[in-house]
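Asker: Below is a structure I'd like to ask you about.
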Amino acid sequence: MRILSGIQPSGELHIGNYFGMMKRMIEYQENHELFCFLVNYHALTTVFEPERLRRKTLEAASDFLALGIDPEKSIFWVQSDVPEVTELTWLLSNVTSMGLLERCHAYKEKISRGITPNHGIFAYPVLMAADILMYGANKVPVGKDQKQHVEVARDIAIRFNSTYGETFVVPEEEIPEEVATIPGLDGQKMSKSYDNTIPIFCKEKELRKRIMSIKTDSTPVDQSKDPDKSALYEIYALFLDKQERAVLRDRFLTPGLQYGVVKQELFARVWEFFKPYRDKRDEYLQRPDTVRDILRYGAKKARAIGSEYLMKARHNVGVDY
Ligand code: AQP
């Protein structure tokens, strides 16, 4: 089984990214063929400062390496180190209807927030389809926000195969219900662009400040609270086992719970949870050349596989005369 997923180096990686995608990817490398990459072409749709993009790419790579991605067990690279993916994007564009892209929620949501719709934002799902199809991925672990984009990749693969003959594997998304949408500090989806995140690796003071600012309702202390409507509960639950979760649920339902106390506990838990990885991350950040070497090594392996699918597609559409 070939598993593939990417992440945008467009800001600080957060616990939504971690539980929604990164954690599963790190686990999968143990017994699957894993393709994991930093989608810096995609990040270009929102990041317009070149130096920032370079820095964020190396930081995201260091995050992933520190958290456990193993460049020997997986293929770990940066999207732009295999630029052939942009050629495949073009080949796919011609079997992609405008309607399919116009229906994409992520595009519509960006427009509704007043972001000027450039072609990159509109064509984002086609580049993502190229990413997935170029490596023959069967399964794509993502958060719910990316579900529709994987479905677009499926549609494009099916359309391409029926137009030009069997070329691509038709992929499927993988979205476990309990981590489908991790809420942010304000209760909306945790997202880099909403500035409502709990970053995996921020400084202690910043982490405390962020966690203390999780939005809670105004239920008085002496009344029971509803865990199912609480971002605080949902976020805390990510760090607990089944039994601990039941205890927390009970505390919410019992009058007397103070949100401030729970937030302090959550802060301590999150800080401890990522502690073992913090030093490793700093080490990688201090050795950017080592990180670059790791990424280039991954790109070499990715290119070898990707170019086979690309050649097949080039042949099947007839641009190889
Ligand atoms: N809140 C979330 N809950 C569950 N999964 C999430 N993911 C992101 N946020 C959540 C998953 O993380 C992977 C990488 O995401 P991405 O950075 O490539 O893009 P994104 O989904 O758009 O993440 P952000 O933080 O919301 O980025 P911006 O604001 O730059 O668009 C994906 O699998 C995603 O589902």
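Here, A, B, ... name the chains of the structure tokens in the order displayed, residue numbers run from 1 inside each chain, and ligands are numbered from 1 in the same displayed order.
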Would you kindly return, as a PDB file with C-alpha atoms, in the first residue's frame, each protein, DNA or RNA residue with an atom no farther than 7 Å from any atom of stretch 155-161 of chain A, considering only C-alpha atoms and excluding same-chain residues fewer than 3 positions away?

Answerer:
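The file below, result-v6.pdb, is the result:
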ATOM      1  CA  LEU A  92      -4.244  16.901 -15.936  1.00  0.00           C
ATOM      2  CA  VAL A  95      -9.319  16.720 -18.318  1.00  0.00           C
ATOM      3  CA  THR A  96     -10.406  18.930 -15.398  1.00  0.00           C
ATOM      4  CA  GLU A 151     -12.069  13.545  -4.326  1.00  0.00           C
ATOM      5  CA  VAL A 152     -11.088  15.949  -7.112  1.00  0.00           C
ATOM      6  CA  TYR A 164      -6.294   8.132 -22.479  1.00  0.00           C
ATOM      7  CA  GLY A 165      -6.326   4.561 -21.163  1.00  0.00           C
ATOM      8  CA  GLU A 166      -5.301   3.168 -17.781  1.00  0.00           C
ATOM      9  CA  THR A 167      -2.540   5.453 -16.481  1.00  0.00           C
ATOM     10  CA  PHE A 168      -3.062   6.384 -12.842  1.00  0.00           C
ATOM     11  CA  VAL A 170      -7.302   6.060  -8.308  1.00  0.00           C
TER      12      VAL A 170
END

Asker: Could you give me, as a list in words, the residues within 9 Å of stretch 125-127 of chain A, counting only C-alpha atoms and dropping anything in the same chain fewer than 4 positions from it?

Answerer: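 In the requested format, the answer is Tyr41, His42, Val85, Thr86, Leu88, Thr89, Trp90, Leu92, Ser93, Thr96, Leu101, Cys104, Gly120, Ile121, Asp131, Ile132, Gln148, His149, Val150, Val152, Ala153 and Ile156 of chain A.
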
Asker: Which distance in Å separates atom CA of A:Ser191 and atom CA of A:Gln243, to one decimal?

Answerer: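 Interatomic distance, atom CA of A:Ser191 to atom CA of A:Gln243: 28.8 Å.
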
Asker: Go through chain A residue by residue and, counting only C-alpha atoms and all ligand atoms, keep those with an atom at most 6 Å from ligand 1; for each kept residue give the shortest atom pair and its distance in Å to one decimal, ordered by chain and increasing number, as a tab-separated table.

Answerer:
residue	atom	partner	partner_atom_place_in_ligand_line	distance
A:Ile7	CA	ligand 1	18 (O)	3.6
A:Gln8	CA	ligand 1	18 (O)	4.0
A:Ser10	CA	ligand 1	30 (O)	5.4
A:Gly16	CA	ligand 1	2 (C)	3.9
A:Asn17	CA	ligand 1	12 (O)	3.7
A:Gly20	CA	ligand 1	5 (N)	3.5
A:Met21	CA	ligand 1	33 (O)	5.0
A:Val142	CA	ligand 1	33 (O)	3.4
A:Gly143	CA	ligand 1	35 (O)	3.1
A:Lys144	CA	ligand 1	35 (O)	5.7
A:Asp145	CA	ligand 1	35 (O)	5.1
A:Gln146	CA	ligand 1	35 (O)	4.8
A:Val179	CA	ligand 1	4 (C)	5.7
A:Ala180	CA	ligand 1	4 (C)	4.9
A:Thr181	CA	ligand 1	3 (N)	3.6
A:Ile182	CA	ligand 1	3 (N)	3.7
A:Pro183	CA	ligand 1	1 (N)	5.6
A:Lys189	CA	ligand 1	1 (N)	4.6
A:Met190	CA	ligand 1	1 (N)	3.8
A:Ser191	CA	ligand 1	25 (O)	3.5
A:Lys192	CA	ligand 1	29 (O)	3.8
A:Ser193	CA	ligand 1	29 (O)	3.5

Asker: Name all residues at most 9 Å from A:Tyr259 (count only C-alpha atoms; drop same-chain ones fewer than 2 positions away) and give them as a PyMOL selection string.

Answerer: chain A and resi 216+221+232+257+261-264

Asker: For C-alpha atoms, I'd like the residues from the last selection saved as a PDB file, in the first residue's frame.

Answerer:
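Listing of selection.pdb after writing:
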ATOM      1  CA  THR A 216     -15.068  28.985  26.415  1.00  0.00           C
ATOM      2  CA  VAL A 221     -18.861  27.504  37.638  1.00  0.00           C
ATOM      3  CA  LEU A 232     -11.216  23.110  25.224  1.00  0.00           C
ATOM      4  CA  LEU A 257     -15.311  22.838  37.030  1.00  0.00           C
ATOM      5  CA  VAL A 261      -7.835  25.284  35.879  1.00  0.00           C
ATOM      6  CA  VAL A 262      -8.427  22.922  32.941  1.00  0.00           C
ATOM      7  CA  LYS A 263      -6.499  25.260  30.643  1.00  0.00           C
ATOM      8  CA  GLN A 264      -3.503  25.261  33.014  1.00  0.00           C
TER       9      GLN A 264
END

Asker: Show me, as a PyMOL selection string, the residues that have an atom within 12 Å of A:Asn118 when counting only C-alpha atoms, minus same-chain residues fewer than 3 positions from it.

Answerer: chain A and resi 44-46+107+110-111+114-115+121-124

Asker: Please write the residues from the selection above to a file, keeping N, CA and C atoms, as a CSV table (one decimal), in the first residue's frame.

Answerer:
chain,number,residue,atom,x,y,z
A,44,LEU,N,2.9,28.9,-2.2
A,44,LEU,CA,3.1,30.1,-3.0
A,44,LEU,C,1.8,30.8,-3.2
A,45,THR,N,0.7,30.1,-3.0
A,45,THR,CA,-0.6,30.7,-3.2
A,45,THR,C,-0.9,31.7,-2.1
A,46,THR,N,-0.2,31.6,-1.0
A,46,THR,CA,-0.5,32.5,0.2
A,46,THR,C,0.8,33.2,0.7
A,107,TYR,N,-11.6,26.9,-2.1
A,107,TYR,CA,-11.5,28.1,-3.0
A,107,TYR,C,-12.6,29.1,-2.7
A,110,LYS,N,-11.9,30.9,0.6
A,110,LYS,CA,-10.9,31.9,0.5
A,110,LYS,C,-11.5,33.2,-0.1
A,111,ILE,N,-12.3,33.0,-1.2
A,111,ILE,CA,-12.9,34.2,-1.8
A,111,ILE,C,-13.8,34.9,-0.8
A,114,GLY,N,-12.3,37.4,1.3
A,114,GLY,CA,-11.8,38.6,0.7
A,114,GLY,C,-10.4,38.4,0.0
A,115,ILE,N,-9.9,37.2,0.0
A,115,ILE,CA,-8.6,36.9,-0.7
A,115,ILE,C,-8.8,37.1,-2.2
A,121,ILE,N,-4.7,29.8,-6.6
A,121,ILE,CA,-5.7,29.3,-5.6
A,121,ILE,C,-6.8,28.5,-6.3
A,122,PHE,N,-7.2,28.9,-7.5
A,122,PHE,CA,-8.2,28.2,-8.3
A,122,PHE,C,-7.7,26.8,-8.7
A,123,ALA,N,-6.4,26.8,-9.2
A,123,ALA,CA,-5.9,25.5,-9.7
A,123,ALA,C,-5.2,24.6,-8.7
A,124,TYR,N,-5.2,25.1,-7.4
A,124,TYR,CA,-4.6,24.3,-6.3
A,124,TYR,C,-4.9,22.8,-6.3

Asker: Rounded to one decimal in Å, what is the spacing between atom CA of A:Gln286 and atom CA of A:Leu58?

Answerer: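 We find that atom CA of A:Gln286 and atom CA of A:Leu58 lie 10.5 Å from each other.
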
Asker: At a cut-off of 12 Å, using only C-alpha atoms, what residues contact A:Phe76? Leave out same-chain residues fewer than 2 positions from it and give the result as number ranges by chain.

Answerer: A: 4-7, 25-26, 29, 33-39, 60-62, 64-65, 68-74, 78-79, 81-82, 291-303

Asker: Name the closest residue to A:Ala237 among the candidates A:Ala304, A:Ile200, A:Leu266, A:Met134; distances are taken between atoms, counting only C-alpha atoms.

Answerer: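 Result for the nearest residue to A:Ala237: A:Leu266.
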
Asker: With DSSP run on the backbone, what are the alpha helix (DSSP H) residues within stretch 43-128 of chain A? I'd like them as JSON, numbers by chain.

Answerer: {"A": [43, 50, 51, 52, 53, 54, 55, 56, 57, 58, 59, 60, 61, 62, 63, 64, 65, 66, 67, 84, 85, 86, 87, 88, 89, 90, 91, 92, 93, 98, 99, 100, 101, 102, 105, 106, 107, 108, 109, 110, 111, 112, 119, 120, 121, 122, 123, 124, 125, 126, 127, 128]}

Asker: Between atom CA of A:Phe201 and atom CA of A:Arg278, what is the spacing in Å?

Answerer: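 Going from atom CA of A:Arg278 over to atom CA of A:Phe201, I get 6.9 Å.
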
Asker: With distances taken over only C-alpha atoms, which residue among A:Ile15, A:Glu59, A:Glu102, A:Val47 lies nearest A:Arg287?

Answerer: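 Among A:Ile15, A:Glu59, A:Glu102, A:Val47, it is A:Glu59 that comes nearest to A:Arg287.
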